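Pasted below: work-v9.cif, mmCIF, N, CA and C atoms.
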```cif
data_coords
loop_
_atom_site.label_atom_id
_atom_site.label_comp_id
_atom_site.auth_asym_id
_atom_site.auth_seq_id
_atom_site.Cartn_x
_atom_site.Cartn_y
_atom_site.Cartn_z
N MET A 1 -30.67 -11.09 -61.52
CA MET A 1 -31.60 -10.16 -62.14
C MET A 1 -31.10 -9.82 -63.54
N GLN A 2 -32.01 -9.71 -64.45
CA GLN A 2 -31.69 -9.45 -65.84
C GLN A 2 -31.55 -7.94 -66.08
N LEU A 3 -30.59 -7.58 -66.89
CA LEU A 3 -30.39 -6.18 -67.27
C LEU A 3 -30.83 -5.98 -68.72
N THR A 4 -31.31 -4.77 -69.00
CA THR A 4 -31.62 -4.43 -70.39
C THR A 4 -30.29 -4.23 -71.14
N LYS A 5 -30.39 -4.14 -72.44
CA LYS A 5 -29.18 -3.94 -73.25
C LYS A 5 -28.48 -2.63 -72.86
N ALA A 6 -29.24 -1.57 -72.66
CA ALA A 6 -28.65 -0.28 -72.28
C ALA A 6 -28.01 -0.35 -70.89
N GLU A 7 -28.68 -1.02 -69.95
CA GLU A 7 -28.13 -1.16 -68.60
C GLU A 7 -26.85 -1.97 -68.63
N GLU A 8 -26.85 -3.03 -69.41
CA GLU A 8 -25.65 -3.87 -69.50
C GLU A 8 -24.49 -3.10 -70.13
N GLN A 9 -24.79 -2.27 -71.12
CA GLN A 9 -23.74 -1.48 -71.75
C GLN A 9 -23.13 -0.49 -70.75
N VAL A 10 -23.96 0.15 -69.96
CA VAL A 10 -23.46 1.08 -68.93
C VAL A 10 -22.63 0.30 -67.90
N MET A 11 -23.09 -0.88 -67.52
CA MET A 11 -22.32 -1.69 -66.57
C MET A 11 -20.96 -2.07 -67.16
N GLN A 12 -20.93 -2.44 -68.44
CA GLN A 12 -19.65 -2.79 -69.08
C GLN A 12 -18.67 -1.63 -68.96
N TYR A 13 -19.13 -0.42 -69.22
CA TYR A 13 -18.26 0.76 -69.12
C TYR A 13 -17.86 1.04 -67.68
N LEU A 14 -18.79 0.86 -66.75
CA LEU A 14 -18.48 1.11 -65.34
C LEU A 14 -17.48 0.08 -64.83
N TRP A 15 -17.62 -1.18 -65.25
CA TRP A 15 -16.62 -2.19 -64.89
C TRP A 15 -15.26 -1.81 -65.45
N GLU A 16 -15.25 -1.26 -66.64
CA GLU A 16 -14.00 -0.88 -67.30
C GLU A 16 -13.30 0.26 -66.57
N ILE A 17 -14.06 1.29 -66.20
CA ILE A 17 -13.44 2.46 -65.55
C ILE A 17 -13.40 2.33 -64.02
N GLU A 18 -14.10 1.34 -63.47
CA GLU A 18 -14.15 1.01 -62.05
C GLU A 18 -14.99 1.97 -61.22
N GLU A 19 -14.91 3.24 -61.46
CA GLU A 19 -15.80 4.22 -60.84
C GLU A 19 -15.72 5.50 -61.64
N GLY A 20 -16.81 6.28 -61.58
CA GLY A 20 -16.78 7.52 -62.34
C GLY A 20 -18.06 8.30 -62.23
N LEU A 21 -17.98 9.51 -62.70
CA LEU A 21 -19.13 10.40 -62.76
C LEU A 21 -19.99 10.01 -63.96
N VAL A 22 -21.18 10.55 -64.03
CA VAL A 22 -22.05 10.30 -65.19
C VAL A 22 -21.30 10.64 -66.47
N GLN A 23 -20.59 11.76 -66.47
CA GLN A 23 -19.85 12.19 -67.67
C GLN A 23 -18.76 11.20 -68.05
N ASN A 24 -18.08 10.60 -67.07
CA ASN A 24 -17.05 9.61 -67.36
C ASN A 24 -17.63 8.39 -68.07
N VAL A 25 -18.80 7.94 -67.60
CA VAL A 25 -19.47 6.81 -68.24
C VAL A 25 -19.92 7.21 -69.64
N ARG A 26 -20.50 8.39 -69.76
CA ARG A 26 -20.97 8.88 -71.07
C ARG A 26 -19.83 8.97 -72.07
N ASP A 27 -18.65 9.37 -71.60
CA ASP A 27 -17.48 9.50 -72.49
C ASP A 27 -17.04 8.16 -73.08
N CYS A 28 -17.42 7.06 -72.45
CA CYS A 28 -17.05 5.74 -72.96
C CYS A 28 -17.83 5.36 -74.22
N PHE A 29 -18.98 5.95 -74.41
CA PHE A 29 -19.83 5.64 -75.57
C PHE A 29 -19.24 6.24 -76.84
N GLN A 30 -19.48 5.54 -77.95
CA GLN A 30 -19.10 6.08 -79.25
C GLN A 30 -20.17 7.06 -79.69
N ASP A 31 -19.82 7.91 -80.63
CA ASP A 31 -20.79 8.86 -81.18
C ASP A 31 -21.81 8.13 -82.03
N PRO A 32 -23.04 8.50 -82.01
CA PRO A 32 -23.62 9.55 -81.17
C PRO A 32 -23.83 9.07 -79.74
N LYS A 33 -23.32 9.84 -78.80
CA LYS A 33 -23.40 9.49 -77.39
C LYS A 33 -24.82 9.73 -76.87
N PRO A 34 -25.26 8.91 -75.92
CA PRO A 34 -26.55 9.20 -75.30
C PRO A 34 -26.45 10.48 -74.48
N SER A 35 -27.58 11.07 -74.18
CA SER A 35 -27.56 12.30 -73.40
C SER A 35 -27.09 12.02 -71.98
N ARG A 36 -26.65 13.06 -71.31
CA ARG A 36 -26.22 12.93 -69.92
C ARG A 36 -27.37 12.44 -69.07
N THR A 37 -28.58 12.96 -69.35
CA THR A 37 -29.77 12.57 -68.60
C THR A 37 -30.06 11.07 -68.76
N THR A 38 -29.88 10.55 -69.96
CA THR A 38 -30.12 9.13 -70.21
C THR A 38 -29.16 8.27 -69.39
N VAL A 39 -27.87 8.62 -69.42
CA VAL A 39 -26.88 7.86 -68.67
C VAL A 39 -27.17 7.96 -67.17
N SER A 40 -27.52 9.14 -66.71
CA SER A 40 -27.84 9.34 -65.30
C SER A 40 -29.05 8.48 -64.89
N THR A 41 -30.07 8.45 -65.73
CA THR A 41 -31.26 7.65 -65.45
C THR A 41 -30.91 6.17 -65.38
N ILE A 42 -30.11 5.69 -66.31
CA ILE A 42 -29.72 4.27 -66.32
C ILE A 42 -28.92 3.95 -65.06
N LEU A 43 -28.02 4.83 -64.65
CA LEU A 43 -27.24 4.59 -63.44
C LEU A 43 -28.14 4.53 -62.21
N ARG A 44 -29.15 5.39 -62.15
CA ARG A 44 -30.09 5.36 -61.02
C ARG A 44 -30.90 4.06 -61.02
N ILE A 45 -31.29 3.59 -62.21
CA ILE A 45 -32.01 2.31 -62.31
C ILE A 45 -31.11 1.18 -61.84
N LEU A 46 -29.85 1.20 -62.27
CA LEU A 46 -28.90 0.17 -61.84
C LEU A 46 -28.69 0.20 -60.33
N GLU A 47 -28.74 1.40 -59.77
CA GLU A 47 -28.61 1.53 -58.32
C GLU A 47 -29.83 0.92 -57.62
N THR A 48 -31.00 1.17 -58.15
CA THR A 48 -32.23 0.60 -57.60
C THR A 48 -32.20 -0.93 -57.67
N LYS A 49 -31.63 -1.47 -58.75
CA LYS A 49 -31.55 -2.92 -58.93
C LYS A 49 -30.43 -3.54 -58.10
N GLY A 50 -29.59 -2.71 -57.47
CA GLY A 50 -28.53 -3.23 -56.61
C GLY A 50 -27.23 -3.55 -57.33
N PHE A 51 -27.07 -3.05 -58.55
CA PHE A 51 -25.85 -3.30 -59.32
C PHE A 51 -24.80 -2.22 -59.11
N VAL A 52 -25.24 -1.04 -58.70
CA VAL A 52 -24.37 0.15 -58.62
C VAL A 52 -24.68 0.88 -57.34
N SER A 53 -23.67 1.58 -56.83
CA SER A 53 -23.88 2.51 -55.72
C SER A 53 -23.11 3.78 -56.05
N HIS A 54 -23.18 4.75 -55.16
CA HIS A 54 -22.46 6.00 -55.41
C HIS A 54 -21.92 6.59 -54.12
N LYS A 55 -20.91 7.43 -54.31
CA LYS A 55 -20.38 8.26 -53.23
C LYS A 55 -20.75 9.69 -53.59
N ALA A 56 -21.30 10.41 -52.64
CA ALA A 56 -21.70 11.78 -52.89
C ALA A 56 -20.61 12.74 -52.44
N ASN A 57 -20.31 13.69 -53.30
CA ASN A 57 -19.41 14.79 -52.98
C ASN A 57 -20.19 16.05 -53.31
N GLY A 58 -20.96 16.51 -52.34
CA GLY A 58 -21.89 17.60 -52.61
C GLY A 58 -23.01 17.08 -53.50
N ARG A 59 -23.20 17.75 -54.62
CA ARG A 59 -24.23 17.33 -55.57
C ARG A 59 -23.68 16.43 -56.67
N VAL A 60 -22.41 16.12 -56.59
CA VAL A 60 -21.76 15.27 -57.60
C VAL A 60 -21.66 13.84 -57.07
N TYR A 61 -22.12 12.90 -57.87
CA TYR A 61 -22.09 11.48 -57.49
C TYR A 61 -21.03 10.74 -58.29
N THR A 62 -20.22 9.96 -57.58
CA THR A 62 -19.27 9.06 -58.21
C THR A 62 -19.85 7.66 -58.09
N TYR A 63 -20.12 7.04 -59.23
CA TYR A 63 -20.75 5.72 -59.26
C TYR A 63 -19.69 4.62 -59.33
N TYR A 64 -20.02 3.48 -58.74
CA TYR A 64 -19.13 2.32 -58.79
C TYR A 64 -19.98 1.05 -58.75
N PRO A 65 -19.49 -0.03 -59.37
CA PRO A 65 -20.27 -1.27 -59.41
C PRO A 65 -20.26 -1.99 -58.07
N LEU A 66 -21.39 -2.59 -57.73
CA LEU A 66 -21.50 -3.45 -56.55
C LEU A 66 -21.37 -4.92 -56.93
N ILE A 67 -21.64 -5.21 -58.19
CA ILE A 67 -21.59 -6.57 -58.71
C ILE A 67 -20.34 -6.70 -59.57
N ARG A 68 -19.56 -7.75 -59.32
CA ARG A 68 -18.36 -7.97 -60.13
C ARG A 68 -18.76 -8.49 -61.51
N LYS A 69 -17.98 -8.11 -62.49
CA LYS A 69 -18.25 -8.55 -63.86
C LYS A 69 -18.22 -10.07 -63.96
N ASP A 70 -17.28 -10.72 -63.29
CA ASP A 70 -17.18 -12.18 -63.31
C ASP A 70 -18.46 -12.83 -62.77
N ASP A 71 -19.00 -12.27 -61.69
CA ASP A 71 -20.22 -12.83 -61.10
C ASP A 71 -21.41 -12.68 -62.04
N TYR A 72 -21.52 -11.51 -62.66
CA TYR A 72 -22.62 -11.28 -63.61
C TYR A 72 -22.48 -12.20 -64.82
N SER A 73 -21.26 -12.31 -65.35
CA SER A 73 -21.01 -13.17 -66.51
C SER A 73 -21.36 -14.62 -66.20
N LYS A 74 -20.95 -15.08 -65.03
CA LYS A 74 -21.23 -16.46 -64.63
C LYS A 74 -22.75 -16.69 -64.56
N HIS A 75 -23.45 -15.74 -63.96
CA HIS A 75 -24.90 -15.86 -63.84
C HIS A 75 -25.56 -15.91 -65.22
N GLN A 76 -25.11 -15.06 -66.14
CA GLN A 76 -25.67 -15.02 -67.48
C GLN A 76 -25.39 -16.32 -68.23
N LEU A 77 -24.17 -16.82 -68.12
CA LEU A 77 -23.81 -18.04 -68.84
C LEU A 77 -24.58 -19.25 -68.31
N PHE A 78 -24.70 -19.37 -67.00
CA PHE A 78 -25.45 -20.49 -66.45
C PHE A 78 -26.94 -20.37 -66.77
N GLY A 79 -27.43 -19.14 -66.87
CA GLY A 79 -28.82 -18.94 -67.29
C GLY A 79 -29.02 -19.39 -68.73
N MET A 80 -28.07 -19.08 -69.59
CA MET A 80 -28.14 -19.51 -70.99
C MET A 80 -28.06 -21.03 -71.07
N LEU A 81 -27.17 -21.60 -70.29
CA LEU A 81 -27.01 -23.06 -70.26
C LEU A 81 -28.34 -23.72 -69.88
N LYS A 82 -28.99 -23.19 -68.85
CA LYS A 82 -30.26 -23.75 -68.37
C LYS A 82 -31.39 -23.52 -69.37
N ASN A 83 -31.53 -22.27 -69.84
CA ASN A 83 -32.69 -21.90 -70.65
C ASN A 83 -32.62 -22.36 -72.11
N TYR A 84 -31.42 -22.52 -72.65
CA TYR A 84 -31.30 -22.83 -74.07
C TYR A 84 -30.68 -24.20 -74.36
N PHE A 85 -30.01 -24.79 -73.39
CA PHE A 85 -29.30 -26.05 -73.64
C PHE A 85 -29.63 -27.13 -72.62
N ASN A 86 -30.76 -26.99 -71.92
CA ASN A 86 -31.22 -27.99 -70.95
C ASN A 86 -30.14 -28.40 -69.96
N ASN A 87 -29.38 -27.43 -69.49
CA ASN A 87 -28.30 -27.66 -68.53
C ASN A 87 -27.23 -28.62 -69.04
N SER A 88 -27.11 -28.73 -70.34
CA SER A 88 -26.11 -29.62 -70.93
C SER A 88 -24.94 -28.79 -71.47
N PHE A 89 -23.83 -28.84 -70.73
CA PHE A 89 -22.65 -28.12 -71.20
C PHE A 89 -22.17 -28.68 -72.53
N ALA A 90 -22.28 -29.99 -72.70
CA ALA A 90 -21.85 -30.62 -73.95
C ALA A 90 -22.65 -30.08 -75.14
N SER A 91 -23.96 -29.90 -74.95
CA SER A 91 -24.80 -29.35 -76.02
C SER A 91 -24.39 -27.91 -76.34
N MET A 92 -24.13 -27.12 -75.29
CA MET A 92 -23.73 -25.74 -75.51
C MET A 92 -22.37 -25.67 -76.21
N ALA A 93 -21.41 -26.47 -75.75
CA ALA A 93 -20.09 -26.46 -76.37
C ALA A 93 -20.17 -26.91 -77.82
N SER A 94 -20.98 -27.91 -78.09
CA SER A 94 -21.15 -28.40 -79.45
C SER A 94 -21.76 -27.32 -80.34
N PHE A 95 -22.76 -26.64 -79.82
CA PHE A 95 -23.40 -25.56 -80.57
C PHE A 95 -22.38 -24.49 -80.95
N PHE A 96 -21.59 -24.02 -79.96
CA PHE A 96 -20.62 -22.97 -80.24
C PHE A 96 -19.48 -23.45 -81.13
N ALA A 97 -19.10 -24.70 -81.00
CA ALA A 97 -18.06 -25.25 -81.86
C ALA A 97 -18.54 -25.26 -83.31
N LYS A 98 -19.79 -25.67 -83.54
CA LYS A 98 -20.34 -25.68 -84.89
C LYS A 98 -20.48 -24.27 -85.45
N GLU A 99 -21.02 -23.37 -84.62
CA GLU A 99 -21.29 -22.00 -85.07
C GLU A 99 -20.02 -21.23 -85.39
N SER A 100 -18.93 -21.57 -84.71
CA SER A 100 -17.68 -20.84 -84.94
C SER A 100 -16.74 -21.60 -85.87
N ASP A 101 -17.24 -22.71 -86.45
CA ASP A 101 -16.44 -23.51 -87.38
C ASP A 101 -15.09 -23.91 -86.80
N MET A 102 -15.09 -24.39 -85.56
CA MET A 102 -13.84 -24.84 -84.93
C MET A 102 -13.33 -26.09 -85.63
N SER A 103 -12.03 -26.12 -85.82
CA SER A 103 -11.42 -27.30 -86.41
C SER A 103 -11.24 -28.36 -85.31
N ILE A 104 -10.98 -29.60 -85.74
CA ILE A 104 -10.72 -30.68 -84.79
C ILE A 104 -9.51 -30.34 -83.93
N GLN A 105 -8.49 -29.76 -84.53
CA GLN A 105 -7.28 -29.40 -83.79
C GLN A 105 -7.60 -28.34 -82.72
N GLU A 106 -8.41 -27.36 -83.07
CA GLU A 106 -8.79 -26.32 -82.10
C GLU A 106 -9.60 -26.92 -80.96
N MET A 107 -10.49 -27.85 -81.29
CA MET A 107 -11.30 -28.50 -80.26
C MET A 107 -10.43 -29.34 -79.33
N GLU A 108 -9.46 -30.04 -79.90
CA GLU A 108 -8.56 -30.85 -79.08
C GLU A 108 -7.70 -29.97 -78.17
N ALA A 109 -7.24 -28.83 -78.70
CA ALA A 109 -6.45 -27.89 -77.89
C ALA A 109 -7.30 -27.32 -76.75
N LEU A 110 -8.54 -27.01 -77.05
CA LEU A 110 -9.46 -26.51 -76.02
C LEU A 110 -9.67 -27.56 -74.94
N LEU A 111 -9.89 -28.79 -75.35
CA LEU A 111 -10.08 -29.88 -74.40
C LEU A 111 -8.84 -30.07 -73.53
N GLU A 112 -7.67 -30.02 -74.14
CA GLU A 112 -6.41 -30.19 -73.40
C GLU A 112 -6.21 -29.06 -72.39
N ASN A 113 -6.46 -27.83 -72.81
CA ASN A 113 -6.34 -26.69 -71.90
C ASN A 113 -7.32 -26.79 -70.74
N THR A 114 -8.53 -27.23 -71.03
CA THR A 114 -9.54 -27.38 -69.99
C THR A 114 -9.12 -28.45 -69.00
N LYS A 115 -8.60 -29.56 -69.49
CA LYS A 115 -8.12 -30.62 -68.61
C LYS A 115 -7.04 -30.09 -67.67
N LYS A 116 -6.09 -29.33 -68.21
CA LYS A 116 -5.01 -28.78 -67.39
C LYS A 116 -5.56 -27.84 -66.32
N GLU A 117 -6.50 -26.98 -66.71
CA GLU A 117 -7.08 -26.05 -65.74
C GLU A 117 -7.81 -26.79 -64.63
N LEU A 118 -8.54 -27.83 -64.99
CA LEU A 118 -9.27 -28.60 -63.98
C LEU A 118 -8.30 -29.35 -63.05
N GLU A 119 -7.22 -29.87 -63.60
CA GLU A 119 -6.23 -30.55 -62.77
C GLU A 119 -5.57 -29.56 -61.81
N ASN A 120 -5.23 -28.38 -62.30
CA ASN A 120 -4.63 -27.36 -61.43
C ASN A 120 -5.60 -26.93 -60.34
N LYS A 121 -6.87 -26.81 -60.70
CA LYS A 121 -7.89 -26.39 -59.73
C LYS A 121 -8.05 -27.45 -58.64
N SER A 122 -8.02 -28.74 -59.03
CA SER A 122 -8.21 -29.80 -58.04
C SER A 122 -7.00 -29.95 -57.12
N LYS A 123 -5.83 -29.47 -57.54
CA LYS A 123 -4.63 -29.54 -56.70
C LYS A 123 -4.62 -28.48 -55.61
N LYS A 124 -5.41 -27.44 -55.81
CA LYS A 124 -5.43 -26.33 -54.84
C LYS A 124 -6.26 -26.64 -53.63
#
```

Written as C-alpha cells, how would this file's structure read?
Amino acid sequence: MQLTKAEEQVMQYLWEIEEGLVQNVRDCFQDPKPSRTTVSTILRILETKGFVSHKANGRVYTYYPLIRKDDYSKHQLFGMLKNYFNNSFASMASFFAKESDMSIQEMEALLENTKKELENKSKK
C-alpha cells in the first residue's frame, strides 16, 4: 500500500524512535512542527492502513510500527523498478550511476562488493 508524503514522514520517525506518544513523534519534526492534532490524525490513518498499532494506557496511546522499515523499503524499491525501469535492475542501476556521476572506479567497487555479498549469501 502506498503512503502519502506526510504518512511516510511519520513512519520514518516512528521507525526511528520504535514506539512513542503523539508528542514523541511530533518532537521529531523540525520547526515549524505540525500540530498535535495533525500528527494524531496521521497516526490514526496509518493504523487504519495497517502500518501502525497502539497500546492504550488509559486515554494515552503509545504507537508502534507493525511494518518493518526494511519491508516497506523493499516494496517501494521493487515498485519503482517495475513502474519506471520495466523490471530491469540494469536500467535502474545505470540510471542512478549516471545521475550520481559515479566514476568507473566507484562502479567497479560497487560491483565487487555486490559479488562478495551474493557469494556470502549463497554460502548460507

- Identify, with DSSP run on backbone atoms, the residues in chain A assigned to helix (DSSP H, G or I), and express the list as number ranges by chain. A: 5-17, 22-28, 36-48, 69-85, 89-99, 104-123

- In the coordinate frame of the file, compute which residues have an atom within 6 Å of (-18.3, -1.2, -58.6) when using only C-alpha atoms, and state them as a ChimeraX atom specification. /A:18,64-66

- Can you list, as a list in words, every protein, DNA or RNA residue that comes within 7 Å of Met92 of chain A when you count all atoms listed in the file, leaving out same-chain residues fewer than 5 positions away? Leu81, Phe85 and Ala97 of chain A

- Message: Show me the residues around (-32.5, 0.1, -66.3) - criterion: an atom at most 6 Å away, all atoms listed in the file counted - as a PyMOL selection string.
- Response: chain A and resi 4+7+42+45-46

- Task: Step by step, work through what the PyMOL selection byres ((chain A and resi 8-13) around 8) selects in the shown file, and finish by giving those residues as a PyMOL selection string.
- Result: chain A and resi 2-7+14-19+24-26+28-29+39+42-43+51+65+69

- Task: In Å, rounded to a single decimal, give me how far atom N of Gly20 of chain A is from atom N of Tyr61 of chain A.
- Result: 9.3 Å

- Message: So the first atom is atom C of Met107 of chain A and the second is atom CA of Ser91 of chain A; what is the distance between them in Å, to one decimal place?
- Response: 14.7 Å

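Atom C of Lys74 of chain A sits 29.2 Å away from atom C of Pro34 of chain A.
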
Once you've located segment 69-80 of chain A in the structure I gave, write it as a compact mmCIF listing (two decimals), in the first residue's frame, keeping all heavy atoms.
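The file below, selection16.txt, is the result:
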```txt
# COMPACT_ATOMS: atom_id res chain seq x y z
N LYS A 69 10.73 -1.25 8.55
CA LYS A 69 11.25 -0.29 7.57
C LYS A 69 11.86 -1.02 6.37
O LYS A 69 11.64 -0.62 5.22
CB LYS A 69 12.29 0.63 8.22
CG LYS A 69 12.79 1.71 7.30
CD LYS A 69 13.73 2.65 8.03
CE LYS A 69 14.17 3.77 7.11
NZ LYS A 69 15.03 4.73 7.82
N ASP A 70 12.59 -2.10 6.62
CA ASP A 70 13.21 -2.88 5.53
C ASP A 70 12.14 -3.42 4.57
O ASP A 70 12.34 -3.40 3.36
CB ASP A 70 14.02 -4.05 6.09
CG ASP A 70 15.28 -3.60 6.79
OD1 ASP A 70 15.67 -2.42 6.65
OD2 ASP A 70 15.90 -4.44 7.47
N ASP A 71 11.04 -3.92 5.12
CA ASP A 71 9.98 -4.47 4.27
C ASP A 71 9.34 -3.38 3.42
O ASP A 71 9.07 -3.57 2.23
CB ASP A 71 8.91 -5.17 5.11
CG ASP A 71 9.44 -6.43 5.77
OD1 ASP A 71 10.42 -7.01 5.27
OD2 ASP A 71 8.86 -6.83 6.82
N TYR A 72 9.08 -2.22 4.03
CA TYR A 72 8.49 -1.11 3.27
C TYR A 72 9.45 -0.62 2.20
O TYR A 72 9.05 -0.39 1.05
CB TYR A 72 8.10 0.04 4.21
CG TYR A 72 7.45 1.19 3.48
CD1 TYR A 72 6.15 1.09 3.01
CD2 TYR A 72 8.15 2.37 3.25
CE1 TYR A 72 5.55 2.14 2.32
CE2 TYR A 72 7.56 3.42 2.56
CZ TYR A 72 6.27 3.30 2.10
OH TYR A 72 5.68 4.34 1.41
N SER A 73 10.73 -0.48 2.55
CA SER A 73 11.74 -0.02 1.59
C SER A 73 11.83 -0.98 0.41
O SER A 73 11.89 -0.55 -0.74
CB SER A 73 13.11 0.09 2.27
OG SER A 73 13.07 1.01 3.31
N LYS A 74 11.85 -2.27 0.70
CA LYS A 74 11.94 -3.27 -0.36
C LYS A 74 10.73 -3.16 -1.30
O LYS A 74 10.87 -3.17 -2.52
CB LYS A 74 11.99 -4.68 0.25
CG LYS A 74 12.25 -5.77 -0.75
CD LYS A 74 12.17 -7.16 -0.15
CE LYS A 74 13.00 -7.34 1.08
NZ LYS A 74 12.94 -8.69 1.64
N HIS A 75 9.55 -3.02 -0.71
CA HIS A 75 8.34 -2.90 -1.51
C HIS A 75 8.40 -1.66 -2.41
O HIS A 75 8.06 -1.72 -3.59
CB HIS A 75 7.11 -2.84 -0.59
CG HIS A 75 5.83 -2.60 -1.32
ND1 HIS A 75 5.19 -3.58 -2.02
CD2 HIS A 75 5.10 -1.48 -1.46
CE1 HIS A 75 4.09 -3.07 -2.57
NE2 HIS A 75 4.01 -1.80 -2.24
N GLN A 76 8.85 -0.54 -1.86
CA GLN A 76 8.94 0.70 -2.62
C GLN A 76 9.96 0.58 -3.75
O GLN A 76 9.71 1.01 -4.87
CB GLN A 76 9.31 1.87 -1.71
CG GLN A 76 8.23 2.25 -0.74
CD GLN A 76 6.95 2.67 -1.44
OE1 GLN A 76 6.00 1.90 -1.52
NE2 GLN A 76 6.93 3.86 -1.97
N LEU A 77 11.11 -0.01 -3.46
CA LEU A 77 12.15 -0.14 -4.48
C LEU A 77 11.72 -1.06 -5.61
O LEU A 77 11.94 -0.76 -6.79
CB LEU A 77 13.45 -0.62 -3.86
CG LEU A 77 14.21 0.44 -3.07
CD1 LEU A 77 15.38 -0.19 -2.32
CD2 LEU A 77 14.69 1.54 -3.98
N PHE A 78 11.11 -2.19 -5.27
CA PHE A 78 10.65 -3.09 -6.32
C PHE A 78 9.51 -2.48 -7.13
O PHE A 78 9.39 -2.73 -8.33
CB PHE A 78 10.29 -4.46 -5.76
CG PHE A 78 11.48 -5.33 -5.52
CD1 PHE A 78 11.94 -5.55 -4.22
CD2 PHE A 78 12.17 -5.90 -6.57
CE1 PHE A 78 13.07 -6.33 -3.99
CE2 PHE A 78 13.30 -6.69 -6.35
CZ PHE A 78 13.74 -6.90 -5.06
N GLY A 79 8.70 -1.65 -6.48
CA GLY A 79 7.66 -0.93 -7.21
C GLY A 79 8.26 0.06 -8.19
O GLY A 79 7.81 0.18 -9.34
N MET A 80 9.30 0.76 -7.78
CA MET A 80 9.99 1.69 -8.66
C MET A 80 10.64 0.94 -9.82
O MET A 80 10.57 1.38 -10.97
CB MET A 80 11.07 2.47 -7.88
CG MET A 80 11.77 3.52 -8.72
SD MET A 80 13.15 4.32 -7.89
CE MET A 80 12.43 4.87 -6.38
```
